[in-house]
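A.B. asks: Quick one: the structure is below, questions incoming.
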Amino acid sequence: MIPEADALLNVAAGKLLLEIAPNIAPGYGQGSASTVAMVMILAAQEYGRAAEVRAWENARLRELLSRGGVTIDVAPGGLAIAALNAENAALTKLLIGLHERAEGPDGDAALAREILAFLKESAARRRLYLPAL
């Protein structure tokens with residue numbers, strides 16, 4: 001069995017947080033070791049869902065932009081996180097313009113609400129949790 005990156009990150013974070021950091025003199029070094037461990041825990045959470053969240057967001061962004069009559073000149077770039085992020089950034093720029101128009105004087109209030117609902121759900125899907133210690 002080949003361990004997944006999230007399992008490796010969690011094991012390493014546990015060692016760092018529970019075994020190494022407590023054996024470092026209190027102060028900067030101990031705090032840094034603990035902080036690095038927490039970042040590793042958060043990275044492990046992101047690893048398991050990163051592509052799924054970004055693919056969902058990009059599909060939903062395309063739906064909202066199409067509904068708003070925006071011409072989408074952004075080609076899907078693949079399933080690599082960097083490609084999904086680049087696509088997401090380009091689509092988000094278009095969404096900002098659509099959102100401004102939707103909330104403008106001649107805007108579409110229903111579309112503006114739909115955009116806000118998307119942003120809320122997107123934030124919820126990207127939420128990370130610090131473990132209780």
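Here's how to read the names in the structure tokens: chain A, B, ... by the order shown, residue numbers from 1 in each chain, ligand numbers from 1 in the order shown.
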Can you check which parts of range 44-73 of chain A lie within 10 Å of range 93-115 of chain A? Per residue, the shortest pair of atoms and distance in Å to one decimal, counting only C-alpha atoms, sorted by chain and number, as JSON lines.

C.D. replies:
{"residue": "A:Arg60", "atom": "CA", "partner": "A:Ile115", "partner_atom": "CA", "distance": 9.8}
{"residue": "A:Leu61", "atom": "CA", "partner": "A:Leu95", "partner_atom": "CA", "distance": 7.2}
{"residue": "A:Arg62", "atom": "CA", "partner": "A:Leu95", "partner_atom": "CA", "distance": 9.0}
{"residue": "A:Leu64", "atom": "CA", "partner": "A:Ile115", "partner_atom": "CA", "distance": 7.2}
{"residue": "A:Leu65", "atom": "CA", "partner": "A:Leu95", "partner_atom": "CA", "distance": 6.5}
{"residue": "A:Arg67", "atom": "CA", "partner": "A:Leu111", "partner_atom": "CA", "distance": 8.2}
{"residue": "A:Gly68", "atom": "CA", "partner": "A:Leu98", "partner_atom": "CA", "distance": 6.8}
{"residue": "A:Gly69", "atom": "CA", "partner": "A:Leu98", "partner_atom": "CA", "distance": 8.8}
{"residue": "A:Val70", "atom": "CA", "partner": "A:Leu98", "partner_atom": "CA", "distance": 7.5}
{"residue": "A:Thr71", "atom": "CA", "partner": "A:Leu94", "partner_atom": "CA", "distance": 9.0}
{"residue": "A:Ile72", "atom": "CA", "partner": "A:Leu94", "partner_atom": "CA", "distance": 8.1}
{"residue": "A:Asp73", "atom": "CA", "partner": "A:Leu94", "partner_atom": "CA", "distance": 9.8}

A.B. asks: Quick one: everything within 12 Å of Gly77 in chain A, counting only C-alpha atoms, minus sequence neighbours fewer than 2 positions away in the same chain. Send it as a list in words.

C.D. replies: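 My reading of the contact set: Arg54, Ala55, Asn58, Val74, Ala75, Leu79, Ala80, Ile81, Ala82, Ala83, Leu84, Asn85, Ala86, Glu87, Asn88, Ala89 and Ala90 of chain A.
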
A.B. asks: Those same residues - N, CA and C atoms - I'd like them written as a CSV table (one decimal), in the first residue's frame.

C.D. replies:
chain,number,residue,atom,x,y,z
A,54,ARG,N,-12.6,22.6,-6.6
A,54,ARG,CA,-12.4,23.5,-7.7
A,54,ARG,C,-13.2,23.2,-9.0
A,55,ALA,N,-13.3,21.9,-9.2
A,55,ALA,CA,-14.1,21.5,-10.4
A,55,ALA,C,-15.5,21.9,-10.2
A,58,ASN,N,-15.8,25.7,-10.7
A,58,ASN,CA,-15.6,26.1,-12.0
A,58,ASN,C,-16.9,25.8,-12.9
A,74,VAL,N,-12.8,31.3,-21.5
A,74,VAL,CA,-11.8,30.6,-20.7
A,74,VAL,C,-12.0,29.1,-21.0
A,75,ALA,N,-10.9,28.4,-21.5
A,75,ALA,CA,-11.0,27.0,-21.7
A,75,ALA,C,-10.6,26.2,-20.5
A,79,LEU,N,-7.3,18.8,-14.9
A,79,LEU,CA,-7.6,18.5,-13.5
A,79,LEU,C,-6.5,18.7,-12.5
A,80,ALA,N,-5.3,19.2,-13.0
A,80,ALA,CA,-4.3,19.5,-12.1
A,80,ALA,C,-4.7,20.8,-11.3
A,81,ILE,N,-4.3,20.8,-10.1
A,81,ILE,CA,-4.8,21.9,-9.2
A,81,ILE,C,-4.4,23.3,-9.8
A,82,ALA,N,-3.2,23.4,-10.3
A,82,ALA,CA,-2.7,24.6,-10.9
A,82,ALA,C,-3.6,25.1,-12.0
A,83,ALA,N,-4.0,24.1,-12.9
A,83,ALA,CA,-4.9,24.4,-14.0
A,83,ALA,C,-6.3,24.8,-13.5
A,84,LEU,N,-6.8,24.0,-12.5
A,84,LEU,CA,-8.1,24.4,-12.0
A,84,LEU,C,-8.1,25.8,-11.3
A,85,ASN,N,-7.0,26.1,-10.6
A,85,ASN,CA,-6.9,27.4,-10.0
A,85,ASN,C,-6.8,28.5,-11.0
A,86,ALA,N,-6.1,28.3,-12.1
A,86,ALA,CA,-6.0,29.3,-13.2
A,86,ALA,C,-7.4,29.5,-13.8
A,87,GLU,N,-8.1,28.5,-14.1
A,87,GLU,CA,-9.4,28.6,-14.7
A,87,GLU,C,-10.3,29.3,-13.7
A,88,ASN,N,-10.2,28.9,-12.4
A,88,ASN,CA,-11.1,29.5,-11.4
A,88,ASN,C,-10.8,31.0,-11.3
A,89,ALA,N,-9.6,31.4,-11.4
A,89,ALA,CA,-9.2,32.9,-11.3
A,89,ALA,C,-9.8,33.6,-12.4
A,90,ALA,N,-9.7,33.1,-13.6
A,90,ALA,CA,-10.2,33.8,-14.8
A,90,ALA,C,-11.7,33.8,-14.8

A.B. asks: For a quick check of understanding, using only C-alpha atoms, which of A:Ala33, A:Leu91, A:Ala44, A:Leu18 has the smallest distance to Tyr129 in chain A?

C.D. replies: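 Of A:Ala33, A:Leu91, A:Ala44, A:Leu18, the one nearest Tyr129 in chain A, counting only C-alpha atoms, is A:Ala44.
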
A.B. asks: Can you list, as a ChimeraX atom specification, every protein, DNA or RNA residue that comes within 12 Å of Pro131 in chain A when you count only C-alpha atoms, leaving out same-chain residues fewer than 3 positions away?

C.D. replies: /A:10,13-14,17,37-42,45,128

A.B. asks: Pull C-alpha atoms from the residues just selected and write them as an mmCIF file, in the first residue's frame.

C.D. replies:
data_model
loop_
_atom_site.group_PDB
_atom_site.id
_atom_site.type_symbol
_atom_site.label_atom_id
_atom_site.label_comp_id
_atom_site.auth_asym_id
_atom_site.auth_seq_id
_atom_site.Cartn_x
_atom_site.Cartn_y
_atom_site.Cartn_z
ATOM 1 C CA ASN A 10 -1.086 14.001 9.275
ATOM 2 C CA ALA A 13 2.241 16.754 11.815
ATOM 3 C CA GLY A 14 1.386 14.519 14.753
ATOM 4 C CA LEU A 17 3.217 18.588 17.276
ATOM 5 C CA ALA A 37 2.397 21.085 12.223
ATOM 6 C CA MET A 38 -0.930 22.934 12.074
ATOM 7 C CA VAL A 39 -0.242 24.041 8.496
ATOM 8 C CA MET A 40 0.473 20.413 7.597
ATOM 9 C CA ILE A 41 -2.854 19.353 9.114
ATOM 10 C CA LEU A 42 -4.685 21.988 7.071
ATOM 11 C CA GLN A 45 -7.497 18.439 4.642
ATOM 12 C CA LEU A 128 -10.742 24.033 7.002
#

A.B. asks: Using the chain letters and numbers from this document, which residues of range 8-122 of chain A does DSSP assign to alpha helix (DSSP H), as a ChimeraX atom specification?

C.D. replies: /A:8-15,28-67,81-102,109-122

A.B. asks: Now that the selection is made, can you save its residues with C-alpha atoms as a short mmCIF file (atom, residue, chain, number, x, y, z; two decimals), in the first residue's frame?

C.D. replies:
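Heads up, here's the output in again-v1.cif:
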data_model
loop_
_atom_site.label_atom_id
_atom_site.label_comp_id
_atom_site.auth_asym_id
_atom_site.auth_seq_id
_atom_site.Cartn_x
_atom_site.Cartn_y
_atom_site.Cartn_z
CA LEU A 8 1.71 11.33 5.40
CA LEU A 9 1.07 14.96 6.29
CA ASN A 10 -1.09 14.00 9.27
CA VAL A 11 1.45 11.51 10.63
CA ALA A 12 4.31 13.98 10.23
CA ALA A 13 2.24 16.75 11.82
CA GLY A 14 1.39 14.52 14.75
CA LYS A 15 5.06 13.67 15.33
CA TYR A 28 10.23 30.79 18.94
CA GLY A 29 11.39 27.30 17.92
CA GLN A 30 8.62 25.49 19.76
CA GLY A 31 6.01 27.89 18.42
CA SER A 32 7.33 27.54 14.88
CA ALA A 33 7.30 23.75 15.06
CA SER A 34 3.70 23.80 16.30
CA THR A 35 2.67 26.26 13.59
CA VAL A 36 4.25 24.13 10.86
CA ALA A 37 2.40 21.09 12.22
CA MET A 38 -0.93 22.93 12.07
CA VAL A 39 -0.24 24.04 8.50
CA MET A 40 0.47 20.41 7.60
CA ILE A 41 -2.85 19.35 9.11
CA LEU A 42 -4.69 21.99 7.07
CA ALA A 43 -2.79 20.97 3.92
CA ALA A 44 -3.84 17.36 4.52
CA GLN A 45 -7.50 18.44 4.64
CA GLU A 46 -7.11 20.40 1.42
CA TYR A 47 -5.38 17.52 -0.36
CA GLY A 48 -8.39 15.23 -0.20
CA ARG A 49 -10.87 17.62 -1.71
CA ALA A 50 -8.94 20.26 -3.66
CA ALA A 51 -9.74 19.06 -7.18
CA GLU A 52 -13.37 18.27 -6.39
CA VAL A 53 -14.03 21.69 -4.85
CA ARG A 54 -12.36 23.55 -7.70
CA ALA A 55 -14.08 21.50 -10.41
CA TRP A 56 -17.46 22.14 -8.72
CA GLU A 57 -16.73 25.87 -8.43
CA ASN A 58 -15.62 26.15 -12.05
CA ALA A 59 -18.71 24.34 -13.31
CA ARG A 60 -20.97 26.50 -11.15
CA LEU A 61 -19.15 29.67 -12.24
CA ARG A 62 -19.73 28.71 -15.86
CA GLU A 63 -23.45 28.18 -15.14
CA LEU A 64 -23.79 31.58 -13.46
CA LEU A 65 -21.88 33.37 -16.20
CA SER A 66 -23.96 31.71 -18.92
CA ARG A 67 -27.16 32.59 -17.07
CA ILE A 81 -4.75 21.90 -9.18
CA ALA A 82 -2.72 24.65 -10.86
CA ALA A 83 -4.88 24.40 -14.00
CA LEU A 84 -8.10 24.38 -11.98
CA ASN A 85 -6.88 27.40 -10.00
CA ALA A 86 -5.99 29.32 -13.17
CA GLU A 87 -9.40 28.56 -14.67
CA ASN A 88 -11.06 29.54 -11.38
CA ALA A 89 -9.22 32.87 -11.27
CA ALA A 90 -10.22 33.76 -14.83
CA LEU A 91 -13.86 32.77 -14.27
CA THR A 92 -13.97 34.66 -10.96
CA LYS A 93 -12.86 37.86 -12.72
CA LEU A 94 -15.79 37.47 -15.08
CA LEU A 95 -18.13 36.80 -12.16
CA ILE A 96 -17.07 40.05 -10.48
CA GLY A 97 -18.20 42.01 -13.53
CA LEU A 98 -21.46 40.07 -13.71
CA HIS A 99 -22.10 40.63 -10.02
CA GLU A 100 -21.54 44.38 -10.40
CA ARG A 101 -24.09 44.47 -13.24
CA ALA A 102 -26.57 42.28 -11.34
CA ALA A 109 -31.76 40.91 -8.16
CA ALA A 110 -32.43 37.18 -8.49
CA LEU A 111 -29.08 36.64 -10.21
CA ALA A 112 -27.33 38.75 -7.56
CA ARG A 113 -28.85 36.53 -4.85
CA GLU A 114 -27.81 33.41 -6.75
CA ILE A 115 -24.23 34.72 -6.98
CA LEU A 116 -24.16 35.41 -3.25
CA ALA A 117 -25.52 31.92 -2.54
CA PHE A 118 -22.75 30.47 -4.71
CA LEU A 119 -20.10 32.46 -2.83
CA LYS A 120 -21.48 31.28 0.50
CA GLU A 121 -21.51 27.64 -0.58
CA SER A 122 -18.05 27.96 -2.10
#
